[in-house]
Structures are given as C-alpha cells and as structure tokens.
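Colleague: First, the structure itself, so that you have it in front of you.
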Amino acid sequence: MKAQTLLFGNGKLLDTDGNLNQAGWATQQVLDCNLENCNFYKVKAFQKLRVKIWDYYAVTTPTHFFSFTISNIGYLGMMFAYVIDFKTGEYKEQTISVPFANGVKLPRNSTSGLSEYQKGNLYMRFNVEENARTLSVRWPGFGGSELNADLSFTCPPDHESLNIVIPIPKKRFYYNRKINCMPATGWVDYQGKRFEITPDTCLANLDWGRGVWEYNSFWVWASASGFLGDHRRIGLNLGYGFGDTSAASENCFILEGKIHKLGEVKFTYDNKNFKAPWKMISPDGRLELVFTPFFERVAKTDAVILRSEVHQMFGRYNGYVITDDGKKLEVVDLIGWAEEHNARW
C-alpha cells in the first residue's frame, strides 16, 4: 500500500492566502477549521456562497434508521430528517430550506459547540459535550404526525475517527470527520410510537463536513456501524470520487473505537440498477465485501443553481476485513449503506 500522510497539529487548516497547510488523515481532528481564510474568489463577498458545512447524525437500530442533519451550503440552509423501517420499508423524509441559511448555527470545529436551527416549535439542536454528543429534536407535523428525539452518543477522547483533508483544484478542499460506532442512548418518538435507544443494540454516526467543492461534484460513500458475532463494535467508512486523495484515502474500518486504515478500495456496482449487489475489494487483500441492498432512498433537489441526486442504498455487508495486526474478521449481515451522489452546487 502506498504510504499515506498523517496530519499533525495543532495548527490551522488554511494559511493566510487560503492554501491548505496540510493534506492527509488523522484519528482525531487536529487542525482548526479557519474557513475565514478561504481565498478562491477575487470578490470575497461571493466566497461564503460556495462554502459548504454540515453536521449529519444517524442512528442505526435493529429495526430502524434515524437521521438528522443541519447544513449551510452557502446560498441555502437545509435541515432534514428521515426515518426508515427496515422490516416494512416504510420511509419518511422532510426538508426545510432557508434562503442564505438565515437562523442556521454551526460550530467552527467538530470538537465543541452547538449546531442549531429553530422556527417556532420546530427545532434541531446538536451539542458537543466532554464525552458525549447530545441531540434534541422537535419536529411537529413530520410524516403527518411528529418526530421528536432526545439522544446521547458516547464519544470519549480515545474514540478514534477518520479525519481527512482532501485538496481540490483552484483552492477548493474538503475537511471531513467521520465518527462511527458511538453507543447511543435515549428515545425517539415517531408517529405515536416511542423507540427506546439503548447502547447494547444501537450505534450512531457523525458525518461532519466543511469545504469548497467544484460546481460539478461526484462521490461514492459507504458506511456502517454495527456489531460482530462476538458483539464487538465494527464500523466501515469507504469511498472515492472528488479531489486529490494521493495523501490519504477515506477508507478504513473501525473496531471497538480504533481506526484500521486502508488504502485503495475498488467499488463495483451498477448505476442503472442500484439494487443489484455492490462489491468492495482492496487490492492488498485486507477487505472484501459484498453489499446487498434491501432499500433505496432517492433524494433529489432541483433549485436552478443547485441540483443534487442521491441514491442511498441500505443493505447488508458480508465478507471480511483484516486488522492492522493481521487478524481476519468475518463480517456477517452488517446493516449499513452505500450511496452515489451527483451534485451541481
């Protein structure tokens, strides 16, 4: 495997001229996300319209998938949530769009701060505390009923995550933190039913993204947070698409809160039939998985200058991964997702 570059800190993401100080990966956020140094347009006032920032949380339970997002994509704030019932295939999703992200609050870094949006009785609040991340959601009218949640995700300082800095031409970049396999506690009220969330069966993910993309962008992302047969927590983060990944790929798996870094992973899937099995194989033999979808979530946005189409497949992973110390782990019916995303933004 080609050597990958470790990020070192504590430093700034961008220098005073808007260039990346480093590219590579780390197991924690080590660079301050100083987006005020972005410098890719001559007219600075236009820059904030192209900077994209979001916090995407998801909880995988034995029966359901719950997802909550607060985002600011420059000229638009988008808050959305969706719920999938794995058994019945019932799916509900709602989105709130706010011009120029008025009222949307997102913190500078992933390590502290409050993400928030509120309008009347509807609100989403994500707060980072010392060893936990807490979510409070009140969404009257969601799915013809309501969606409410109070959740806490355990995330101590030694819980590792995948942190990557990917250069994109013309002073664009992607700064991303993916946290998998956070034990989840709390409850979700959905359509008159209360779902108790317990850490022995329910795990959470965070996709924390900050960056500036090319207007036409494409990516593939695969992820999961679940359990092995012996109940150890196992997670996946795999993908490819945009930017220069020569310093580091975004591929890894996570075992009991520890990152096992991977290099290249080759995807084979049919974008004319996303429901057909996907294959993911690393050339060095450390990962071989077949992902068999059982549900397709399609999310499309067409707002003239903003167009987005996501095919997010939910299914089961089967195969194996090999740890850094050479141990082979069998992956059996691990529920997760794999998606293709095409965007003009």
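Residues are named by chain letter and number: chains run A, B, ... in the order of the structure tokens, numbers start at 1 in each chain, and ligands are numbered from 1 in the order shown.
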Write out as JSON, numbers by chain which residues come within 7 Å of range 178-192 of chain A when counting only C-alpha atoms, dropping same-chain ones fewer than 4 positions away.
Modeller: {"A": [145, 146, 147, 148, 149, 150, 151, 152, 153, 154, 155, 161, 162, 163, 196, 197, 198, 199, 202, 203, 204, 205, 206, 207, 208, 225, 226, 233, 234, 235]}
Colleague: Find the residues near range 92-105 of chain A: any atom within 10 Å, counting only C-alpha atoms, skip ones fewer than 5 places away on the same chain, and give them as a VMD selection string.
Modeller: chain A and resid 48 to 49 67 69 to 85 113 to 119 124 to 125 139 141 to 144 297 299
Colleague: Write out, as a short mmCIF file (atom, residue, chain, number, x, y, z; two decimals), in the first residue's frame, the residues just selected, with N, CA and C atoms.
Modeller:
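Below you can see selection_24.cif, which holds the result:
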```
data_model
loop_
_atom_site.label_atom_id
_atom_site.label_comp_id
_atom_site.auth_asym_id
_atom_site.auth_seq_id
_atom_site.Cartn_x
_atom_site.Cartn_y
_atom_site.Cartn_z
N LYS A 48 -18.59 33.10 0.61
CA LYS A 48 -19.44 32.40 1.58
C LYS A 48 -20.59 31.66 0.91
N LEU A 49 -20.92 32.04 -0.33
CA LEU A 49 -21.99 31.35 -1.04
C LEU A 49 -21.55 29.99 -1.57
N SER A 67 -32.15 9.64 10.98
CA SER A 67 -31.10 10.55 10.53
C SER A 67 -31.55 12.00 10.69
N THR A 69 -30.00 16.17 10.13
CA THR A 69 -28.94 16.99 9.54
C THR A 69 -29.27 18.47 9.65
N ILE A 70 -28.24 19.24 10.00
CA ILE A 70 -28.27 20.70 9.89
C ILE A 70 -27.15 21.09 8.94
N SER A 71 -27.47 21.87 7.90
CA SER A 71 -26.45 22.21 6.92
C SER A 71 -26.61 23.65 6.44
N ASN A 72 -25.48 24.19 6.00
CA ASN A 72 -25.43 25.50 5.37
C ASN A 72 -24.59 25.34 4.11
N ILE A 73 -25.24 25.39 2.95
CA ILE A 73 -24.49 25.21 1.70
C ILE A 73 -24.28 26.54 0.98
N GLY A 74 -24.25 27.61 1.77
CA GLY A 74 -23.89 28.92 1.25
C GLY A 74 -25.10 29.78 0.93
N TYR A 75 -25.76 29.48 -0.16
CA TYR A 75 -26.93 30.25 -0.55
C TYR A 75 -28.21 29.64 -0.01
N LEU A 76 -28.08 28.56 0.75
CA LEU A 76 -29.26 27.87 1.26
C LEU A 76 -28.90 27.11 2.53
N GLY A 77 -29.77 27.20 3.52
CA GLY A 77 -29.69 26.31 4.67
C GLY A 77 -30.66 25.17 4.46
N MET A 78 -30.22 23.95 4.77
CA MET A 78 -31.09 22.79 4.61
C MET A 78 -31.05 21.94 5.87
N MET A 79 -32.21 21.78 6.49
CA MET A 79 -32.36 20.90 7.64
C MET A 79 -33.27 19.75 7.21
N PHE A 80 -32.81 18.54 7.42
CA PHE A 80 -33.66 17.43 7.02
C PHE A 80 -33.50 16.26 7.98
N ALA A 81 -34.53 15.45 7.99
CA ALA A 81 -34.55 14.23 8.80
C ALA A 81 -35.25 13.15 7.99
N TYR A 82 -34.86 11.90 8.24
CA TYR A 82 -35.59 10.80 7.62
C TYR A 82 -35.54 9.57 8.51
N VAL A 83 -36.56 8.74 8.32
CA VAL A 83 -36.74 7.53 9.12
C VAL A 83 -37.03 6.38 8.17
N ILE A 84 -36.34 5.26 8.37
CA ILE A 84 -36.56 4.06 7.56
C ILE A 84 -36.87 2.89 8.49
N ASP A 85 -37.95 2.20 8.20
CA ASP A 85 -38.30 0.97 8.90
C ASP A 85 -37.74 -0.19 8.09
N GLY A 113 -19.14 22.95 20.71
CA GLY A 113 -20.08 23.90 20.16
C GLY A 113 -21.46 23.35 19.91
N LEU A 114 -22.36 24.25 19.53
CA LEU A 114 -23.77 23.93 19.33
C LEU A 114 -24.15 24.13 17.87
N SER A 115 -24.79 23.11 17.29
CA SER A 115 -25.43 23.22 15.97
C SER A 115 -26.92 23.37 16.22
N GLU A 116 -27.56 24.36 15.56
CA GLU A 116 -28.93 24.65 15.93
C GLU A 116 -29.71 25.30 14.80
N TYR A 117 -30.98 24.92 14.72
CA TYR A 117 -31.97 25.64 13.90
C TYR A 117 -33.30 25.57 14.63
N GLN A 118 -34.01 26.71 14.67
CA GLN A 118 -35.31 26.74 15.32
C GLN A 118 -36.24 27.66 14.56
N LYS A 119 -37.48 27.21 14.39
CA LYS A 119 -38.53 28.04 13.83
C LYS A 119 -39.82 27.67 14.53
N MET A 124 -33.95 21.76 15.94
CA MET A 124 -32.93 20.71 15.98
C MET A 124 -31.73 21.31 16.69
N ARG A 125 -31.21 20.61 17.70
CA ARG A 125 -30.04 21.07 18.45
C ARG A 125 -29.09 19.91 18.64
N TRP A 139 -40.04 18.09 15.93
CA TRP A 139 -40.48 18.36 14.55
C TRP A 139 -41.96 18.04 14.43
N GLY A 141 -45.57 17.76 12.89
CA GLY A 141 -46.03 17.61 11.52
C GLY A 141 -45.19 16.71 10.65
N PHE A 142 -44.09 16.19 11.18
CA PHE A 142 -43.23 15.32 10.38
C PHE A 142 -43.97 14.03 10.02
N GLY A 143 -43.99 13.71 8.74
CA GLY A 143 -44.64 12.48 8.28
C GLY A 143 -46.12 12.42 8.59
N GLY A 144 -46.77 13.61 8.68
CA GLY A 144 -48.18 13.63 9.02
C GLY A 144 -48.45 13.47 10.50
N ARG A 297 -33.15 4.76 -0.97
CA ARG A 297 -33.59 6.14 -0.70
C ARG A 297 -33.08 7.02 -1.83
N ALA A 299 -32.99 10.92 -3.10
CA ALA A 299 -33.21 12.31 -2.70
C ALA A 299 -32.75 13.21 -3.84
#
```
Colleague: Identify which of the residues A:Ala132, A:Ile254, A:Leu289, A:Ala343 lies closest to Tyr317 in chain A, counting only C-alpha atoms when measuring atom-to-atom distances.
Modeller: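 Using only C-alpha atoms, Tyr317 in chain A sits closest to A:Leu289.
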Colleague: Ranking A:Glu330, A:Glu250, A:Asp32, A:Glu214 by minimum distance to Leu228 in chain A and counting only C-alpha atoms, which one comes first?
Modeller: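 Ranked by minimum distance to Leu228 in chain A, first place goes to A:Glu330.
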Colleague: Please identify all polymer residues within 12 Å of Ile335 in chain A, counting only C-alpha atoms, omitting same-chain residues fewer than 5 positions from it, and present them as a ChimeraX atom specification.
Modeller: /A:59-65,86,202-203,222-228,234-236,290-295,313-318
Colleague: Could you write out the selected residues, including N, CA, C and O atoms, as a CSV table (one decimal), in the first residue's frame?
Modeller:
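Full text of result.csv as output:
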```csv
chain,number,residue,atom,x,y,z
A,59,VAL,N,-28.6,7.2,13.5
A,59,VAL,CA,-28.6,6.2,14.5
A,59,VAL,C,-29.2,4.9,13.8
A,59,VAL,O,-30.2,4.9,13.2
A,60,THR,N,-28.4,3.8,13.9
A,60,THR,CA,-28.8,2.5,13.4
A,60,THR,C,-29.3,1.7,14.5
A,60,THR,O,-28.5,1.4,15.5
A,61,THR,N,-30.5,1.2,14.5
A,61,THR,CA,-31.1,0.3,15.5
A,61,THR,C,-31.4,-1.0,14.8
A,61,THR,O,-31.3,-1.1,13.6
A,62,PRO,N,-31.7,-2.0,15.6
A,62,PRO,CA,-32.1,-3.3,14.9
A,62,PRO,C,-33.3,-3.2,14.0
A,62,PRO,O,-33.4,-4.1,13.0
A,63,THR,N,-34.1,-2.2,14.1
A,63,THR,CA,-35.4,-2.2,13.3
A,63,THR,C,-35.5,-0.9,12.5
A,63,THR,O,-36.2,-0.9,11.5
A,64,HIS,N,-34.8,0.2,12.8
A,64,HIS,CA,-35.0,1.5,12.2
A,64,HIS,C,-33.6,2.2,11.9
A,64,HIS,O,-32.6,1.9,12.6
A,65,PHE,N,-33.7,3.2,11.0
A,65,PHE,CA,-32.6,4.1,10.8
A,65,PHE,C,-33.2,5.5,11.0
A,65,PHE,O,-34.2,5.9,10.3
A,86,PHE,N,-36.7,-0.9,8.6
A,86,PHE,CA,-36.1,-1.9,7.9
A,86,PHE,C,-37.0,-3.1,7.5
A,86,PHE,O,-36.9,-3.7,6.5
A,202,CYS,N,-27.8,-0.2,19.7
A,202,CYS,CA,-28.0,1.0,18.8
A,202,CYS,C,-26.7,1.8,18.8
A,202,CYS,O,-26.1,2.1,19.8
A,203,LEU,N,-26.2,2.1,17.6
A,203,LEU,CA,-25.0,2.9,17.4
A,203,LEU,C,-25.2,4.0,16.5
A,203,LEU,O,-26.0,4.0,15.6
A,222,ALA,N,-19.7,4.7,1.4
A,222,ALA,CA,-20.3,3.5,2.1
A,222,ALA,C,-19.9,3.6,3.5
A,222,ALA,O,-18.8,4.0,3.9
A,223,SER,N,-20.9,3.2,4.4
A,223,SER,CA,-20.7,3.3,5.8
A,223,SER,C,-21.5,2.3,6.5
A,223,SER,O,-22.5,1.8,6.0
A,224,ALA,N,-21.1,2.0,7.8
A,224,ALA,CA,-21.9,1.1,8.6
A,224,ALA,C,-21.4,1.3,10.1
A,224,ALA,O,-20.2,1.6,10.3
A,225,SER,N,-22.3,1.0,11.0
A,225,SER,CA,-21.9,0.9,12.4
A,225,SER,C,-22.8,-0.2,13.0
A,225,SER,O,-24.0,-0.1,13.0
A,226,GLY,N,-22.1,-1.3,13.5
A,226,GLY,CA,-22.9,-2.4,14.0
A,226,GLY,C,-22.0,-3.3,14.8
A,226,GLY,O,-21.1,-2.8,15.5
A,227,PHE,N,-22.3,-4.6,14.9
A,227,PHE,CA,-21.7,-5.5,15.8
A,227,PHE,C,-21.2,-6.8,15.1
A,227,PHE,O,-21.9,-7.2,14.1
A,228,LEU,N,-20.1,-7.3,15.5
A,228,LEU,CA,-19.7,-8.6,15.1
A,228,LEU,C,-20.4,-9.7,15.8
A,228,LEU,O,-21.2,-9.4,16.8
A,234,ILE,N,-18.2,-2.8,15.2
A,234,ILE,CA,-17.5,-2.8,13.9
A,234,ILE,C,-18.1,-1.7,13.0
A,234,ILE,O,-19.3,-1.6,12.9
A,235,GLY,N,-17.3,-0.9,12.4
A,235,GLY,CA,-17.8,0.2,11.5
A,235,GLY,C,-17.0,0.2,10.2
A,235,GLY,O,-15.8,-0.3,10.2
A,236,LEU,N,-17.6,0.8,9.2
A,236,LEU,CA,-17.0,0.9,7.9
A,236,LEU,C,-17.1,2.4,7.5
A,236,LEU,O,-18.1,3.0,7.7
A,290,VAL,N,-19.3,-7.9,0.0
A,290,VAL,CA,-20.5,-7.8,-0.9
A,290,VAL,C,-21.6,-7.1,-0.1
A,290,VAL,O,-21.9,-7.5,1.0
A,291,PHE,N,-22.1,-6.1,-0.7
A,291,PHE,CA,-23.2,-5.3,-0.1
A,291,PHE,C,-24.5,-5.6,-0.9
A,291,PHE,O,-24.5,-5.3,-2.1
A,292,THR,N,-25.5,-6.1,-0.2
A,292,THR,CA,-26.7,-6.5,-0.8
A,292,THR,C,-27.8,-5.5,-0.4
A,292,THR,O,-28.3,-5.6,0.8
A,293,PRO,N,-28.3,-4.6,-1.2
A,293,PRO,CA,-29.3,-3.6,-0.8
A,293,PRO,C,-30.7,-4.3,-0.6
A,293,PRO,O,-31.1,-5.2,-1.3
A,294,PHE,N,-31.4,-3.7,0.4
A,294,PHE,CA,-32.8,-4.1,0.6
A,294,PHE,C,-33.7,-2.9,0.5
A,294,PHE,O,-35.0,-3.0,0.5
A,295,PHE,N,-33.2,-1.6,0.4
A,295,PHE,CA,-34.0,-0.4,0.4
A,295,PHE,C,-33.2,0.7,-0.4
A,295,PHE,O,-32.0,0.8,-0.2
A,313,MET,N,-28.4,3.5,-0.8
A,313,MET,CA,-28.9,2.1,-0.6
A,313,MET,C,-28.6,1.6,0.8
A,313,MET,O,-27.5,1.8,1.3
A,314,PHE,N,-29.6,1.1,1.4
A,314,PHE,CA,-29.5,0.4,2.7
A,314,PHE,C,-29.5,-1.1,2.4
A,314,PHE,O,-30.3,-1.6,1.6
A,315,GLY,N,-28.6,-1.8,3.1
A,315,GLY,CA,-28.5,-3.2,2.9
A,315,GLY,C,-27.6,-3.9,3.9
A,315,GLY,O,-27.3,-3.3,5.0
A,316,ARG,N,-27.1,-5.1,3.5
A,316,ARG,CA,-26.3,-5.9,4.5
A,316,ARG,C,-24.9,-6.2,3.8
A,316,ARG,O,-24.8,-6.6,2.7
A,317,TYR,N,-23.9,-6.0,4.6
A,317,TYR,CA,-22.5,-6.3,4.2
A,317,TYR,C,-22.1,-7.7,4.7
A,317,TYR,O,-22.4,-8.1,5.8
A,318,ASN,N,-21.5,-8.4,3.8
A,318,ASN,CA,-20.9,-9.8,4.1
A,318,ASN,C,-19.6,-9.9,3.5
A,318,ASN,O,-19.3,-9.4,2.4
```
Colleague: Give me the residues within 12 Å of Ser308 in chain A as a list in words, counting only C-alpha atoms and dropping any in the same chain fewer than 6 places off.
Modeller: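 Contacts, in chain order: Tyr215, Asn216, Ser217, Phe218, Trp219, Val298, Ala299, Lys300, Thr301, Asp302, Glu340, His341, Asn342, Ala343, Arg344 and Trp345 of chain A.
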Colleague: Write out as a PDB file with C-alpha atoms, in the first residue's frame which residues come within 10 Å of Ala26 in chain A when counting only C-alpha atoms, dropping same-chain ones fewer than 6 positions away.
Modeller:
```pdb
ATOM      1  CA  THR A   5       0.299  11.145   5.135  1.00  0.00           C
ATOM      2  CA  LEU A   6      -0.580  11.753   8.763  1.00  0.00           C
ATOM      3  CA  LEU A   7      -1.866  15.185   9.706  1.00  0.00           C
ATOM      4  CA  PHE A   8      -0.068  16.823  12.583  1.00  0.00           C
ATOM      5  CA  GLY A   9      -1.289  19.611  14.851  1.00  0.00           C
ATOM      6  CA  GLU A 160     -10.939   7.331  17.113  1.00  0.00           C
ATOM      7  CA  SER A 161     -12.468   8.769  13.964  1.00  0.00           C
ATOM      8  CA  LEU A 162     -11.432   9.275  10.358  1.00  0.00           C
ATOM      9  CA  ASN A 163     -10.330  12.860   9.750  1.00  0.00           C
ATOM     10  CA  ILE A 164      -9.239  13.756   6.228  1.00  0.00           C
ATOM     11  CA  VAL A 165      -8.099  16.829   4.331  1.00  0.00           C
ATOM     12  CA  ARG A 177     -14.617  13.922  10.160  1.00  0.00           C
ATOM     13  CA  ALA A 248      -4.780   9.707   2.061  1.00  0.00           C
ATOM     14  CA  ILE A 259      -9.234   3.005  13.256  1.00  0.00           C
ATOM     15  CA  LYS A 261      -6.605   2.432   7.917  1.00  0.00           C
TER      16      LYS A 261
END
```
Colleague: What's around Ile281 in chain A at 7 Å? Count only C-alpha atoms, leave out sequence neighbours fewer than 6 positions away in its own chain, and write the answer as a tab-separated table (two decimals) with all heavy atoms, in the first residue's frame.
Modeller:
```
chain	number	residue	atom	x	y	z
A	265	VAL	N	-9.69	1.13	-2.23
A	265	VAL	CA	-10.77	0.15	-2.26
A	265	VAL	C	-11.51	0.32	-3.58
A	265	VAL	O	-11.93	1.43	-3.92
A	265	VAL	CB	-11.74	0.30	-1.07
A	265	VAL	CG1	-12.96	-0.61	-1.25
A	265	VAL	CG2	-11.03	0.00	0.25
A	266	LYS	N	-11.64	-0.77	-4.33
A	266	LYS	CA	-12.32	-0.71	-5.63
A	266	LYS	C	-13.79	-1.09	-5.46
A	266	LYS	O	-14.11	-2.12	-4.87
A	266	LYS	CB	-11.63	-1.64	-6.62
A	266	LYS	CG	-10.21	-1.21	-6.97
A	266	LYS	CD	-9.60	-2.10	-8.03
A	266	LYS	CE	-8.21	-1.61	-8.43
A	266	LYS	NZ	-7.60	-2.46	-9.49
A	267	PHE	N	-14.66	-0.25	-6.01
A	267	PHE	CA	-16.10	-0.47	-5.98
A	267	PHE	C	-16.56	-1.01	-7.32
A	267	PHE	O	-16.13	-0.52	-8.38
A	267	PHE	CB	-16.84	0.84	-5.71
A	267	PHE	CG	-16.84	1.31	-4.29
A	267	PHE	CD1	-15.67	1.73	-3.67
A	267	PHE	CD2	-18.02	1.36	-3.57
A	267	PHE	CE1	-15.67	2.18	-2.37
A	267	PHE	CE2	-18.04	1.80	-2.26
A	267	PHE	CZ	-16.85	2.22	-1.66
A	287	LEU	N	-9.61	-6.21	2.60
A	287	LEU	CA	-11.07	-6.05	2.68
A	287	LEU	C	-11.70	-6.66	1.44
A	287	LEU	O	-11.24	-6.42	0.32
A	287	LEU	CB	-11.44	-4.57	2.80
A	287	LEU	CG	-12.93	-4.21	2.80
A	287	LEU	CD1	-13.20	-3.03	3.74
A	287	LEU	CD2	-13.42	-3.86	1.39
A	288	GLU	N	-12.72	-7.45	1.65
A	288	GLU	CA	-13.53	-7.96	0.56
A	288	GLU	C	-14.96	-8.09	1.06
A	288	GLU	O	-15.24	-8.89	1.97
A	288	GLU	CB	-13.01	-9.31	0.06
A	288	GLU	CG	-13.76	-9.81	-1.17
A	288	GLU	CD	-13.10	-11.00	-1.84
A	288	GLU	OE1	-11.85	-11.08	-1.83
A	288	GLU	OE2	-13.84	-11.85	-2.37
A	289	LEU	N	-15.84	-7.30	0.49
A	289	LEU	CA	-17.22	-7.24	0.96
A	289	LEU	C	-18.19	-7.28	-0.21
A	289	LEU	O	-17.91	-6.74	-1.29
A	289	LEU	CB	-17.47	-5.95	1.75
A	289	LEU	CG	-16.69	-5.76	3.05
A	289	LEU	CD1	-16.85	-4.34	3.57
A	289	LEU	CD2	-17.13	-6.78	4.11
```
Colleague: What separation in Å, quoted to one decimal, exists between CA of Val51 in chain A and CA of Gly120 in chain A?
Modeller: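 Separation of CA of Val51 in chain A and CA of Gly120 in chain A: 27.3 Å.
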Colleague: Can you tell me, as a PyMOL selection string, what residues are no more than 12 Å from Cys38 in chain A when counting only C-alpha atoms, ignoring any on the same chain fewer than 3 positions away?
Modeller: chain A and resi 12-20+33-35+41-52+170-173+210-212
Colleague: Take the residues from that selection and write them out as a compact mmCIF listing (two decimals), in the first residue's frame, keeping N, CA, C and O atoms.
Modeller:
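Writing the result to part_25.txt gives the following:
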```
# COMPACT_ATOMS: atom_id res chain seq x y z
N LYS A 12 -3.54 25.33 11.82
CA LYS A 12 -4.66 25.85 11.06
C LYS A 12 -4.84 25.03 9.78
O LYS A 12 -3.87 24.59 9.17
N LEU A 13 -6.07 24.90 9.35
CA LEU A 13 -6.35 24.23 8.09
C LEU A 13 -5.80 25.02 6.91
O LEU A 13 -5.19 24.46 6.00
N LEU A 14 -6.01 26.34 6.91
CA LEU A 14 -5.65 27.21 5.78
C LEU A 14 -4.63 28.25 6.20
O LEU A 14 -4.68 28.78 7.33
N ASP A 15 -3.72 28.58 5.28
CA ASP A 15 -2.81 29.69 5.56
C ASP A 15 -3.49 31.01 5.22
O ASP A 15 -4.67 31.04 4.83
N THR A 16 -2.77 32.11 5.34
CA THR A 16 -3.39 33.43 5.18
C THR A 16 -3.84 33.71 3.75
O THR A 16 -4.65 34.60 3.51
N ASP A 17 -3.33 32.92 2.79
CA ASP A 17 -3.71 33.11 1.39
C ASP A 17 -4.74 32.08 0.94
O ASP A 17 -5.05 31.98 -0.25
N GLY A 18 -5.25 31.29 1.87
CA GLY A 18 -6.29 30.33 1.54
C GLY A 18 -5.80 28.99 1.04
O GLY A 18 -6.60 28.17 0.56
N ASN A 19 -4.48 28.73 1.15
CA ASN A 19 -3.94 27.43 0.75
C ASN A 19 -3.99 26.45 1.92
O ASN A 19 -3.86 26.85 3.08
N LEU A 20 -4.18 25.18 1.60
CA LEU A 20 -4.13 24.16 2.65
C LEU A 20 -2.73 24.08 3.24
O LEU A 20 -1.74 24.03 2.50
N CYS A 33 -10.48 24.62 11.87
CA CYS A 33 -11.18 24.85 10.61
C CYS A 33 -11.42 26.36 10.41
O CYS A 33 -12.52 26.86 10.59
N ASN A 34 -10.36 27.04 10.01
CA ASN A 34 -10.41 28.51 9.87
C ASN A 34 -10.90 28.92 8.48
O ASN A 34 -10.16 29.43 7.66
N LEU A 35 -12.18 28.69 8.24
CA LEU A 35 -12.76 28.96 6.93
C LEU A 35 -12.73 30.45 6.57
O LEU A 35 -12.88 30.80 5.40
N TYR A 41 -12.07 33.34 -4.57
CA TYR A 41 -12.69 34.33 -5.44
C TYR A 41 -12.05 35.69 -5.21
O TYR A 41 -11.69 36.03 -4.07
N LYS A 42 -11.94 36.49 -6.27
CA LYS A 42 -11.42 37.84 -6.10
C LYS A 42 -12.36 38.69 -5.25
O LYS A 42 -11.93 39.52 -4.46
N VAL A 43 -13.66 38.48 -5.43
CA VAL A 43 -14.65 39.22 -4.64
C VAL A 43 -14.99 38.36 -3.42
O VAL A 43 -15.71 37.37 -3.53
N LYS A 44 -14.48 38.77 -2.27
CA LYS A 44 -14.61 37.94 -1.06
C LYS A 44 -16.07 37.70 -0.66
O LYS A 44 -16.40 36.66 -0.09
N ALA A 45 -16.93 38.67 -0.97
CA ALA A 45 -18.33 38.54 -0.55
C ALA A 45 -19.00 37.33 -1.19
O ALA A 45 -19.96 36.78 -0.64
N PHE A 46 -18.51 36.89 -2.34
CA PHE A 46 -19.10 35.74 -3.03
C PHE A 46 -18.67 34.41 -2.42
O PHE A 46 -19.31 33.38 -2.64
N GLN A 47 -17.58 34.42 -1.67
CA GLN A 47 -17.00 33.16 -1.21
C GLN A 47 -17.93 32.39 -0.28
O GLN A 47 -18.04 31.17 -0.37
N LYS A 48 -18.59 33.10 0.61
CA LYS A 48 -19.44 32.40 1.58
C LYS A 48 -20.59 31.66 0.91
O LYS A 48 -21.19 30.75 1.50
N LEU A 49 -20.92 32.04 -0.33
CA LEU A 49 -21.99 31.35 -1.04
C LEU A 49 -21.55 29.99 -1.57
O LEU A 49 -22.38 29.19 -2.01
N ARG A 50 -20.24 29.73 -1.58
CA ARG A 50 -19.73 28.46 -2.11
C ARG A 50 -19.18 27.54 -1.02
O ARG A 50 -18.82 26.40 -1.31
N VAL A 51 -19.09 28.01 0.21
CA VAL A 51 -18.60 27.18 1.31
C VAL A 51 -19.75 26.30 1.80
O VAL A 51 -20.87 26.78 2.02
N LYS A 52 -19.48 25.00 1.96
CA LYS A 52 -20.49 24.05 2.38
C LYS A 52 -20.12 23.48 3.75
O LYS A 52 -18.99 23.00 3.94
N LYS A 170 -7.87 24.66 -7.60
CA LYS A 170 -8.28 26.07 -7.51
C LYS A 170 -8.67 26.46 -6.09
O LYS A 170 -9.66 27.17 -5.86
N LYS A 171 -7.86 26.00 -5.14
CA LYS A 171 -8.03 26.34 -3.72
C LYS A 171 -9.33 25.82 -3.13
O LYS A 171 -9.82 26.35 -2.14
N ARG A 172 -9.89 24.78 -3.73
CA ARG A 172 -11.00 24.09 -3.12
C ARG A 172 -10.45 22.95 -2.25
O ARG A 172 -9.30 22.54 -2.42
N PHE A 173 -11.29 22.44 -1.37
CA PHE A 173 -10.82 21.40 -0.45
C PHE A 173 -12.02 20.78 0.25
O PHE A 173 -13.14 21.31 0.22
N ARG A 210 -16.86 20.09 6.04
CA ARG A 210 -16.58 21.50 5.81
C ARG A 210 -15.72 21.60 4.55
O ARG A 210 -14.70 20.91 4.45
N GLY A 211 -16.13 22.45 3.60
CA GLY A 211 -15.29 22.53 2.41
C GLY A 211 -15.84 23.37 1.30
O GLY A 211 -16.91 23.98 1.40
N VAL A 212 -15.08 23.40 0.22
CA VAL A 212 -15.44 24.11 -1.00
C VAL A 212 -15.20 23.15 -2.15
O VAL A 212 -14.06 22.72 -2.38
```
Colleague: Considering only strand (DSSP E) as DSSP defines it on the backbone, what residues of range 85-310 of chain A qualify? List them as an MDAnalysis selection string.
Modeller: chainID A and resid 85 91:99 113:119 122:128 132:140 146:154 162:168 172:190 193:197 203:212 216:227 233:240 252:255 258:261 266:268 278:281 287:303 306:310
Colleague: Mind pulling up the distance from CA of Val310 in chain A to CA of Ile166 in chain A?
Modeller: 21.3 Å
Colleague: For Ser282 in chain A, which residue among A:Leu255, A:Val332, A:Leu306, A:Val321 is the nearest when counting only C-alpha atoms?
Modeller: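 When distances to Ser282 in chain A are compared using only C-alpha atoms, the smallest one comes from A:Val321.
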Colleague: Please compute the CA of Phe253 in chain A-CA of Asn271 in chain A distance, one decimal, in Å.
Modeller: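 Computing it gives 24.6 Å between the two atoms.
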Colleague: Among range 35-257 of chain A, which residues carry a DSSP assignment of helix (DSSP H, G or I), reported as a VMD selection string?
Modeller: chain A and resid 35 to 37 44 to 49 142 to 144
Colleague: Which one of A:Pro167, A:Gly336, A:Gly257, A:Gly326 sits closest to Leu238 in chain A if you count only C-alpha atoms?
Modeller: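 Of the candidates, the smallest distance to Leu238 in chain A is held by A:Gly336.
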Colleague: Using only C-alpha atoms, which of A:Gly243, A:Gly209, A:Pro283, A:Pro169 sits nearest Leu262 in chain A?
Modeller: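 Using only C-alpha atoms, the shortest distance to Leu262 in chain A belongs to A:Pro283.
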